[in-house]
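> Contents of final.pdb (PDB, C-alpha atoms):
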```pdb
MODEL        1
ATOM      1  CA  MET W   1      80.707 176.972   9.901
ATOM      2  CA  THR W   2      82.736 174.470  11.855
ATOM      3  CA  GLY W   3      82.045 172.267  14.812
ATOM      4  CA  PRO W   4      80.101 169.102  15.510
ATOM      5  CA  SER W   5      77.545 170.549  17.907
ATOM      6  CA  MET W   6      74.659 170.821  15.400
ATOM      7  CA  LEU W   7      75.492 167.644  13.523
ATOM      8  CA  PRO W   8      72.348 166.149  12.038
ATOM      9  CA  THR W   9      71.279 169.610  10.878
ATOM     10  CA  LEU W  10      74.591 171.210   9.995
ATOM     11  CA  ALA W  11      77.739 169.378   8.970
ATOM     12  CA  ASN W  12      80.990 169.393  10.846
ATOM     13  CA  SER W  13      82.728 171.746   8.420
ATOM     14  CA  GLY W  14      82.675 173.120   4.885
ATOM     15  CA  GLU W  15      79.204 174.645   4.882
ATOM     16  CA  MET W  16      78.108 178.183   4.231
ATOM     17  CA  VAL W  17      74.976 179.601   5.787
ATOM     18  CA  VAL W  18      73.010 182.836   5.668
ATOM     19  CA  GLU W  19      72.245 184.563   8.906
ATOM     20  CA  ASN W  20      69.175 186.754   9.250
ATOM     21  CA  ARG W  21      69.991 189.496  11.716
ATOM     22  CA  TRP W  22      67.176 191.863  10.893
ATOM     23  CA  SER W  23      64.132 189.915  11.977
ATOM     24  CA  TYR W  24      65.435 189.322  15.454
ATOM     25  CA  ARG W  25      66.406 192.946  15.811
ATOM     26  CA  CYS W  26      63.001 194.150  14.623
ATOM     27  CA  THR W  27      60.771 191.636  16.375
ATOM     28  CA  PRO W  28      62.627 190.072  19.291
ATOM     29  CA  GLY W  29      59.360 188.777  20.723
ATOM     30  CA  LYS W  30      58.861 186.335  17.868
ATOM     31  CA  LEU W  31      61.545 183.956  19.094
ATOM     32  CA  GLN W  32      60.121 180.447  19.321
ATOM     33  CA  ARG W  33      61.215 177.134  20.705
ATOM     34  CA  GLY W  34      62.943 175.198  17.963
ATOM     35  CA  ASP W  35      64.460 178.164  16.121
ATOM     36  CA  ILE W  36      68.123 177.907  15.219
ATOM     37  CA  ILE W  37      69.873 181.050  16.374
ATOM     38  CA  THR W  38      73.350 182.496  16.329
ATOM     39  CA  LEU W  39      74.646 184.133  19.443
ATOM     40  CA  TYR W  40      77.815 185.421  21.029
ATOM     41  CA  SER W  41      79.305 182.683  23.153
ATOM     42  CA  PRO W  42      78.770 183.437  26.837
ATOM     43  CA  LEU W  43      82.233 182.099  27.528
ATOM     44  CA  ASP W  44      84.120 184.073  24.888
ATOM     45  CA  ARG W  45      82.756 187.199  23.279
ATOM     46  CA  THR W  46      84.946 186.834  20.190
ATOM     47  CA  ARG W  47      83.231 183.600  19.183
ATOM     48  CA  ILE W  48      79.832 183.175  17.622
ATOM     49  CA  VAL W  49      77.980 179.957  18.258
ATOM     50  CA  CYS W  50      74.918 178.439  16.673
ATOM     51  CA  LYS W  51      72.377 176.569  18.772
ATOM     52  CA  ARG W  52      68.720 175.680  18.947
ATOM     53  CA  VAL W  53      66.296 177.402  21.300
ATOM     54  CA  ILE W  54      64.839 174.882  23.734
ATOM     55  CA  GLY W  55      63.228 177.034  26.377
ATOM     56  CA  LEU W  56      61.858 180.539  26.581
ATOM     57  CA  PRO W  57      61.590 182.675  29.757
ATOM     58  CA  GLY W  58      59.397 180.977  32.337
ATOM     59  CA  ASP W  59      59.687 177.450  30.947
ATOM     60  CA  VAL W  60      60.569 174.547  33.190
ATOM     61  CA  ILE W  61      63.465 172.655  31.665
ATOM     62  CA  CYS W  62      64.986 169.310  32.487
ATOM     63  CA  VAL W  63      68.656 170.268  32.727
ATOM     64  CA  ASP W  64      70.054 167.147  31.140
ATOM     65  CA  PRO W  65      67.750 164.296  30.105
ATOM     66  CA  THR W  66      70.740 162.066  29.351
ATOM     67  CA  GLY W  67      72.129 162.392  32.857
ATOM     68  CA  GLN W  68      75.567 163.201  31.463
ATOM     69  CA  TYR W  69      76.222 166.449  33.330
ATOM     70  CA  THR W  70      73.690 166.367  36.150
ATOM     71  CA  PRO W  71      71.140 163.817  37.321
ATOM     72  CA  SER W  72      68.244 163.722  34.889
ATOM     73  CA  THR W  73      65.755 164.633  37.587
ATOM     74  CA  GLU W  74      67.087 168.165  38.002
ATOM     75  CA  HIS W  75      64.787 170.850  36.611
ATOM     76  CA  VAL W  76      65.192 174.619  36.389
ATOM     77  CA  VAL W  77      62.930 177.519  35.520
ATOM     78  CA  VAL W  78      64.376 179.727  32.777
ATOM     79  CA  PRO W  79      64.606 183.233  34.298
ATOM     80  CA  LYS W  80      63.155 186.369  32.784
ATOM     81  CA  GLY W  81      65.016 187.617  29.719
ATOM     82  CA  HIS W  82      66.935 184.380  29.302
ATOM     83  CA  ILE W  83      66.619 181.371  27.021
ATOM     84  CA  TRP W  84      67.733 177.769  27.201
ATOM     85  CA  ILE W  85      69.812 176.658  24.219
ATOM     86  CA  MET W  86      71.120 173.284  23.137
ATOM     87  CA  GLY W  87      73.035 171.892  20.217
ATOM     88  CA  ASP W  88      71.379 169.162  18.199
ATOM     89  CA  ASN W  89      74.291 166.829  18.802
ATOM     90  CA  ALA W  90      73.993 166.544  22.557
ATOM     91  CA  ASP W  91      77.124 164.471  22.960
ATOM     92  CA  TYR W  92      79.452 167.030  21.407
ATOM     93  CA  SER W  93      77.901 170.310  22.381
ATOM     94  CA  ARG W  94      78.723 172.792  25.097
ATOM     95  CA  ASP W  95      75.464 174.594  25.750
ATOM     96  CA  SER W  96      73.031 175.596  28.465
ATOM     97  CA  ARG W  97      73.527 172.252  30.138
ATOM     98  CA  SER W  98      77.003 173.375  31.159
ATOM     99  CA  TYR W  99      76.685 177.163  31.400
ATOM    100  CA  GLY W 100      73.031 177.581  32.257
ATOM    101  CA  PRO W 101      70.423 179.828  30.660
ATOM    102  CA  VAL W 102      71.837 182.589  28.458
ATOM    103  CA  SER W 103      70.686 186.184  28.294
ATOM    104  CA  MET W 104      68.682 187.216  25.251
ATOM    105  CA  GLY W 105      71.029 190.171  24.831
ATOM    106  CA  LEU W 106      73.617 187.784  23.427
ATOM    107  CA  ILE W 107      71.466 186.702  20.473
ATOM    108  CA  ARG W 108      72.623 187.929  17.056
ATOM    109  CA  GLY W 109      70.003 186.530  14.733
ATOM    110  CA  TYR W 110      68.373 183.511  13.162
ATOM    111  CA  LEU W 111      70.081 181.027  10.937
ATOM    112  CA  TYR W 112      68.171 181.442   7.702
ATOM    113  CA  ALA W 113      69.466 179.048   5.079
ATOM    114  CA  ARG W 114      72.318 176.840   4.021
ATOM    115  CA  ILE W 115      73.722 177.943   0.675
ATOM    116  CA  TRP W 116      76.802 175.767   0.304
ATOM    117  CA  PRO W 117      77.150 172.957  -0.734
ATOM    118  CA  LEU W 118      74.591 173.733  -3.402
ATOM    119  CA  LYS W 119      72.992 170.286  -3.462
ATOM    120  CA  ASP W 120      72.060 170.620   0.201
ATOM    121  CA  LEU W 121      70.432 174.014  -0.201
ATOM    122  CA  THR W 122      67.901 174.349   2.604
ATOM    123  CA  ILE W 123      65.888 177.056   4.224
ATOM    124  CA  PHE W 124      65.651 176.245   7.905
ATOM    125  CA  ARG W 125      62.116 175.997   9.189
ATOM    126  CA  ASN W 126      61.012 175.548  12.745
ATOM    127  CA  PRO W 127      60.297 171.824  13.121
ATOM    128  CA  THR W 128      58.524 172.019  16.465
ATOM    129  CA  THR W 129      55.159 170.374  16.890
ATOM    130  CA  TYR W 130      53.348 170.773  20.163
ATOM    131  CA  LEU W 131      51.532 167.832  21.651
ATOM    132  CA  ASP W 132      48.133 168.398  23.212
ATOM    133  CA  TYR W 133      47.247 166.399  26.202
TER     134      TYR W 133
ATOM    135  CA  MET M   1      69.867 212.436 -11.913
ATOM    136  CA  SER M   2      68.021 212.756  -8.643
ATOM    137  CA  ARG M   3      68.797 209.147  -7.859
ATOM    138  CA  LEU M   4      72.486 209.876  -8.309
ATOM    139  CA  ARG M   5      72.203 212.817  -5.980
ATOM    140  CA  HIS M   6      70.443 210.650  -3.443
ATOM    141  CA  ALA M   7      73.178 208.054  -3.616
ATOM    142  CA  TRP M   8      75.757 210.782  -3.215
ATOM    143  CA  ARG M   9      73.987 212.084  -0.139
ATOM    144  CA  VAL M  10      73.929 208.631   1.440
ATOM    145  CA  LEU M  11      77.617 208.193   0.690
ATOM    146  CA  TYR M  12      78.329 211.597   2.177
ATOM    147  CA  TRP M  13      76.619 210.840   5.477
ATOM    148  CA  LEU M  14      77.667 207.219   5.783
ATOM    149  CA  PRO M  15      81.038 207.858   7.495
ATOM    150  CA  SER M  16      79.470 210.026  10.147
ATOM    151  CA  LEU M  17      76.716 207.485  10.711
ATOM    152  CA  VAL M  18      79.288 204.748  11.146
ATOM    153  CA  LEU M  19      81.278 207.039  13.410
ATOM    154  CA  LEU M  20      78.270 207.755  15.572
ATOM    155  CA  ARG M  21      77.094 204.170  15.804
ATOM    156  CA  GLU M  22      80.241 202.108  15.915
ATOM    157  CA  VAL M  23      83.114 204.298  17.034
ATOM    158  CA  GLY M  24      81.909 206.627  19.723
ATOM    159  CA  VAL M  25      78.353 206.801  20.967
ATOM    160  CA  LEU M  26      76.682 209.576  22.888
ATOM    161  CA  LYS M  27      74.526 208.178  25.622
ATOM    162  CA  LEU M  28      72.246 209.783  28.114
ATOM    163  CA  VAL M  29      72.884 208.368  31.540
ATOM    164  CA  SER M  30      70.019 208.400  33.974
ATOM    165  CA  GLY M  31      69.678 206.912  37.409
ATOM    166  CA  ARG M  32      71.605 207.113  40.614
ATOM    167  CA  SER M  33      73.641 203.943  40.577
ATOM    168  CA  MET M  34      76.910 205.568  39.497
ATOM    169  CA  GLN M  35      76.865 208.489  41.908
ATOM    170  CA  PRO M  36      78.996 210.509  42.529
ATOM    171  CA  ILE M  37      80.702 210.258  39.124
ATOM    172  CA  LEU M  38      77.522 210.388  37.062
ATOM    173  CA  ASN M  39      74.372 212.301  38.008
ATOM    174  CA  PRO M  40      75.658 213.538  41.374
ATOM    175  CA  ASP M  41      72.680 215.788  41.861
ATOM    176  CA  GLU M  42      69.368 214.055  41.420
ATOM    177  CA  SER M  43      67.298 217.248  41.707
ATOM    178  CA  LEU M  44      68.460 218.756  38.416
ATOM    179  CA  LEU M  45      66.322 218.517  35.332
ATOM    180  CA  TRP M  46      68.906 217.128  32.971
ATOM    181  CA  ARG M  47      70.822 213.922  32.827
ATOM    182  CA  ASP M  48      74.497 213.536  32.124
ATOM    183  CA  VAL M  49      75.642 212.913  28.562
ATOM    184  CA  ALA M  50      78.770 210.896  28.043
ATOM    185  CA  ILE M  51      80.825 209.584  25.136
ATOM    186  CA  PHE M  52      81.125 205.832  25.033
ATOM    187  CA  ASP M  53      83.753 204.093  22.981
ATOM    188  CA  ARG M  54      82.709 201.062  20.970
ATOM    189  CA  ILE M  55      86.009 200.537  19.169
ATOM    190  CA  SER M  56      87.358 198.692  22.158
ATOM    191  CA  MET M  57      84.482 196.261  21.828
ATOM    192  CA  HIS M  58      85.114 195.659  18.118
ATOM    193  CA  THR M  59      88.853 195.272  18.566
ATOM    194  CA  HIS M  60      88.284 193.000  21.586
ATOM    195  CA  ARG M  61      90.493 195.102  23.782
ATOM    196  CA  PRO M  62      90.470 193.424  27.183
ATOM    197  CA  TYR M  63      88.450 195.235  29.813
ATOM    198  CA  ARG M  64      90.166 196.118  33.056
ATOM    199  CA  ARG M  65      88.960 196.384  36.605
ATOM    200  CA  GLY M  66      87.667 199.905  37.135
ATOM    201  CA  ASP M  67      86.349 200.551  33.619
ATOM    202  CA  ILE M  68      82.880 202.047  33.491
ATOM    203  CA  VAL M  69      80.864 200.258  30.827
ATOM    204  CA  ALA M  70      77.437 200.301  29.282
ATOM    205  CA  LEU M  71      75.909 196.860  29.120
ATOM    206  CA  LYS M  72      72.611 195.341  28.146
ATOM    207  CA  SER M  73      70.630 194.292  31.155
ATOM    208  CA  PRO M  74      70.848 190.490  31.417
ATOM    209  CA  SER M  75      67.190 190.240  32.325
ATOM    210  CA  ASP M  76      65.861 192.580  29.647
ATOM    211  CA  ALA M  77      68.019 193.320  26.618
ATOM    212  CA  LYS M  78      66.032 196.472  25.820
ATOM    213  CA  TYR M  79      67.552 198.321  28.766
ATOM    214  CA  GLU M  80      71.122 199.419  29.138
ATOM    215  CA  LEU M  81      72.904 199.728  32.440
ATOM    216  CA  VAL M  82      75.992 201.760  33.225
ATOM    217  CA  LYS M  83      78.170 200.064  35.795
ATOM    218  CA  ARG M  84      81.762 199.669  36.843
ATOM    219  CA  ILE M  85      83.678 196.462  36.216
ATOM    220  CA  ILE M  86      84.792 195.262  39.628
ATOM    221  CA  ALA M  87      86.291 191.922  38.759
ATOM    222  CA  ILE M  88      87.336 190.114  35.601
ATOM    223  CA  GLU M  89      87.478 186.413  34.858
ATOM    224  CA  GLY M  90      89.252 184.311  37.426
ATOM    225  CA  ASP M  91      88.878 186.844  40.245
ATOM    226  CA  ILE M  92      87.150 185.889  43.450
ATOM    227  CA  VAL M  93      84.474 188.304  44.613
ATOM    228  CA  GLN M  94      82.845 188.460  47.995
ATOM    229  CA  THR M  95      79.238 189.294  47.268
ATOM    230  CA  LEU M  96      77.207 191.688  49.348
ATOM    231  CA  PRO M  97      75.800 189.969  52.430
ATOM    232  CA  ARG M  98      72.474 188.280  52.008
ATOM    233  CA  LEU M  99      70.859 190.583  54.536
ATOM    234  CA  VAL M 100      71.643 193.617  52.377
ATOM    235  CA  LEU M 101      70.179 191.900  49.339
ATOM    236  CA  ALA M 102      67.066 191.032  51.297
ATOM    237  CA  ILE M 103      66.585 194.686  52.208
ATOM    238  CA  LEU M 104      67.081 195.704  48.582
ATOM    239  CA  GLN M 105      64.595 193.095  47.462
ATOM    240  CA  HIS M 106      62.116 194.288  50.014
ATOM    241  CA  ARG M 107      62.346 197.773  48.501
ATOM    242  CA  ASN M 108      61.929 196.338  44.987
ATOM    243  CA  LEU M 109      65.422 197.458  44.087
ATOM    244  CA  SER M 110      66.686 194.070  43.117
ATOM    245  CA  PHE M 111      65.049 191.163  41.381
ATOM    246  CA  GLY M 112      66.290 188.188  43.281
ATOM    247  CA  SER M 113      69.650 186.936  44.320
ATOM    248  CA  ARG M 114      70.826 184.358  41.845
ATOM    249  CA  TYR M 115      74.144 184.203  43.592
ATOM    250  CA  PRO M 116      73.449 183.601  47.230
ATOM    251  CA  ASP M 117      76.994 182.282  47.701
ATOM    252  CA  PRO M 118      79.188 184.520  49.841
ATOM    253  CA  GLU M 119      82.077 184.054  47.416
ATOM    254  CA  VAL M 120      81.978 183.773  43.631
ATOM    255  CA  CYS M 121      84.785 182.968  41.244
ATOM    256  CA  VAL M 122      84.018 184.955  38.081
ATOM    257  CA  PRO M 123      83.770 182.357  35.267
ATOM    258  CA  GLN M 124      85.544 182.433  31.927
ATOM    259  CA  GLY M 125      84.408 185.258  29.643
ATOM    260  CA  HIS M 126      82.409 187.000  32.360
ATOM    261  CA  VAL M 127      82.861 190.131  34.447
ATOM    262  CA  TRP M 128      81.425 191.249  37.756
ATOM    263  CA  VAL M 129      79.810 194.690  37.519
ATOM    264  CA  GLU M 130      78.616 196.924  40.308
ATOM    265  CA  GLY M 131      77.318 200.427  40.630
ATOM    266  CA  ASP M 132      79.293 202.875  42.714
ATOM    267  CA  ALA M 133      76.305 203.835  44.807
ATOM    268  CA  PHE M 134      74.640 201.544  47.266
ATOM    269  CA  HIS M 135      71.262 201.096  45.655
ATOM    270  CA  SER M 136      71.975 199.565  42.331
ATOM    271  CA  GLN M 137      70.862 196.568  40.359
ATOM    272  CA  ASP M 138      74.104 194.847  39.600
ATOM    273  CA  SER M 139      75.964 191.557  39.703
ATOM    274  CA  ASN M 140      74.976 191.123  43.341
ATOM    275  CA  SER M 141      71.502 190.352  42.097
ATOM    276  CA  PHE M 142      72.059 188.882  38.622
ATOM    277  CA  GLY M 143      75.512 187.377  39.002
ATOM    278  CA  PRO M 144      78.488 187.572  36.631
ATOM    279  CA  VAL M 145      77.729 189.069  33.222
ATOM    280  CA  PRO M 146      79.038 187.600  29.941
ATOM    281  CA  LEU M 147      81.270 190.026  28.053
ATOM    282  CA  GLY M 148      79.016 189.710  25.018
ATOM    283  CA  LEU M 149      76.498 191.912  26.798
ATOM    284  CA  VAL M 150      79.010 194.697  27.364
ATOM    285  CA  ASP M 151      78.356 197.287  24.717
ATOM    286  CA  ALA M 152      80.699 200.194  25.188
ATOM    287  CA  ARG M 153      83.183 201.775  27.545
ATOM    288  CA  LEU M 154      82.757 205.232  29.001
ATOM    289  CA  VAL M 155      85.458 207.629  27.830
ATOM    290  CA  CYS M 156      84.465 211.091  28.933
ATOM    291  CA  LEU M 157      81.633 213.196  30.137
ATOM    292  CA  ILE M 158      80.523 216.047  27.884
ATOM    293  CA  TRP M 159      77.459 217.438  29.594
ATOM    294  CA  PRO M 160      77.269 219.308  31.950
ATOM    295  CA  TRP M 161      80.242 221.233  30.609
ATOM    296  CA  TRP M 162      81.659 222.238  33.976
ATOM    297  CA  ARG M 163      82.227 218.631  34.828
ATOM    298  CA  PHE M 164      83.666 217.954  31.363
ATOM    299  CA  SER M 165      86.467 215.538  31.955
ATOM    300  CA  LYS M 166      87.899 212.217  31.120
ATOM    301  CA  VAL M 167      86.483 209.848  33.647
ATOM    302  CA  PRO M 168      89.391 208.729  35.756
ATOM    303  CA  ALA M 169      89.766 204.990  35.567
ATOM    304  CA  THR M 170      90.450 203.677  39.011
ATOM    305  CA  PRO M 171      92.717 200.684  38.604
ATOM    306  CA  SER M 172      92.630 200.153  42.339
ATOM    307  CA  ILE M 173      91.265 196.803  43.351
ATOM    308  CA  HIS M 174      87.981 196.748  45.166
ATOM    309  CA  PRO M 175      88.279 195.594  48.801
ATOM    310  CA  ARG M 176      85.897 192.680  48.185
ATOM    311  CA  VAL M 177      87.882 191.323  45.218
ATOM    312  CA  THR M 178      90.789 188.905  45.272
ATOM    313  CA  PRO M 179      92.498 189.185  41.879
ATOM    314  CA  ALA M 180      93.374 186.075  39.935
ATOM    315  CA  PRO M 181      97.024 185.071  40.026
ATOM    316  CA  LYS M 182      98.755 186.075  36.785
TER     317      LYS M 182
ENDMDL
END
```
Write out the structure in this file as structure tokens.

Amino acid sequence: MTGPSMLPTLANSGEMVVENRWSYRCTPGKLQRGDIITLYSPLDRTRIVCKRVIGLPGDVICVDPTGQYTPSTEHVVVPKGHIWIMGDNADYSRDSRSYGPVSMGLIRGYLYARIWPLKDLTIFRNPTTYLDY
Amino acid sequence: MSRLRHAWRVLYWLPSLVLLREVGVLKLVSGRSMQPILNPDESLLWRDVAIFDRISMHTHRPYRRGDIVALKSPSDAKYELVKRIIAIEGDIVQTLPRLVLAILQHRNLSFGSRYPDPEVCVPQGHVWVEGDAFHSQDSNSFGPVPLGLVDARLVCLIWPWWRFSKVPATPSIHPRVTPAPK
């Protein structure tokens, strides 16, 4: 894997990860906010990108909380069959903030674990906690 | 011994499985959106069967204007659509007038016009797909489609046998499309 877009979670280069393609294919409805997924880039079908799911169909999303691309007051509703994805490193990531919600047909699978370097062996879990109010 | 035989059987069928899944796929085409090339007569009991080529997807052969492709529906990946590529990246398309879309929406034939603009420049890595017939759910309602959703390209029709033919690719440029300068 290369690229700075997922930086606190995945390093810039020199890491090997395992991708789980079966569970998404078998149960596509189990996609949750916070999952790390791999998908075909909407801008170039030969490239595979890795991002985090932020919004599911029907969610109201603040397009860019940092105000870098658009004013931070702009909100959109994620359309049916689409998801909102973002890289963890917002400053160096080209994601839904620039190309909008992506179709779920582009998803390949989940990122399951990091296997190289060995000392950083991790199985990625969904870190999302929902706040009740 | 039986395990060996089982393994042998799997090995024997594997090439044909790969051939059927990844090289050329038979698909049943239903619906009226590609009339008159596919399903010209709605009253018949069968649907057309066509061979779709997936090699071109794996080898990343560039798609051309006029290719008929099978693509996953952008709004629901379970469904596949068969449409014609009208414009490729960089082209400028004049979308169907808003009035037409409103009529389609009224008849529940389209699910909203995401691209209300009269003119759209097809973005990088996207194509503009449309059905040949008038009533079709296509890019006029859901906008440009990323190439990652395009699954296969139609090569030829095999059923019904009297219309067996290679589908003629029409490289002609659609009247509503202004091609990108080379």
> Could you list, as a compact mmCIF listing (two decimals) with C-alpha atoms, keeping the file's coordinate frame, every residue within 9 Å of Leu43 in chain W, counting all atoms listed in the file and ignoring same-chain residues fewer than 5 positions away?

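So result.txt came out as:
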```txt
# COMPACT_ATOMS: atom_id res chain seq x y z
CA TYR W 99 76.68 177.16 31.40
CA PRO M 123 83.77 182.36 35.27
CA GLN M 124 85.54 182.43 31.93
CA GLY M 125 84.41 185.26 29.64
CA HIS M 126 82.41 187.00 32.36
CA PRO M 146 79.04 187.60 29.94
CA LEU M 147 81.27 190.03 28.05
CA GLY M 148 79.02 189.71 25.02
```
> Hey, could you make a per-residue contact list for chain W against chain M with 6 Å as the cut-off, showing the nearest pair of atoms and its distance in Å to one decimal, counting all atoms listed in the file, sorted by chain and number, as a tab-separated table?

```
residue	atom	partner	partner_atom	distance
W:Tyr40	CA	M:Gly148	CA	6.0
W:Pro42	CA	M:Pro146	CA	5.2
W:Leu43	CA	M:Gly125	CA	4.4
W:Asp44	CA	M:Gly125	CA	4.9
W:Arg45	CA	M:Gly148	CA	4.8
W:Lys80	CA	M:Ser75	CA	5.6
W:Gly81	CA	M:Ser75	CA	4.3
W:Ser103	CA	M:Pro74	CA	5.3
W:Gly105	CA	M:Ala77	CA	4.7
W:Leu106	CA	M:Gly148	CA	5.9
```
> Work out where the centre of an axis-aligned box around every listed atom of range 147-153 of chain M lies and how long its edges are once 8 Å is added on each side; give both in Å to one decimal as AutoDock Vina command-line options.

```
--center_x 79.8 --center_y 195.7 --center_z 26.4 --size_x 22.7 --size_y 28.1 --size_z 19.3
```
> Please evaluate the PyMOL selection byres ((chain M and resi 143) around 12) against the displayed coordinates and give the resulting residues as number ranges by chain.
W: 103; M: 73-75, 87, 93-96, 110-123, 126-130, 137-142, 144-146
> Fewer than 4 positions away in the same chain doesn't count, so skip those; otherwise give me all residues within 7 Å of Val82 in chain M, counting all atoms listed in the file, as a count of residues only.
4
> Report, in Å with one decimal, the straight-line distance from CA of Trp159 in chain M to CA of Lys27 in chain M.
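Atom-to-atom, CA of Trp159 in chain M to CA of Lys27 in chain M, that is 10.5 Å.
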> Mind telling me what the PyMOL selection byres ((chain W and resi 52-64) around 10) catches here, as JSON, numbers by chain?
{"W": [6, 31, 32, 33, 34, 35, 36, 37, 38, 50, 51, 65, 66, 67, 68, 69, 70, 71, 72, 73, 74, 75, 76, 77, 78, 79, 80, 81, 82, 83, 84, 85, 86, 87, 88, 90, 95, 96, 97, 98, 100, 101, 103, 104, 110, 111, 126], "M": [75]}
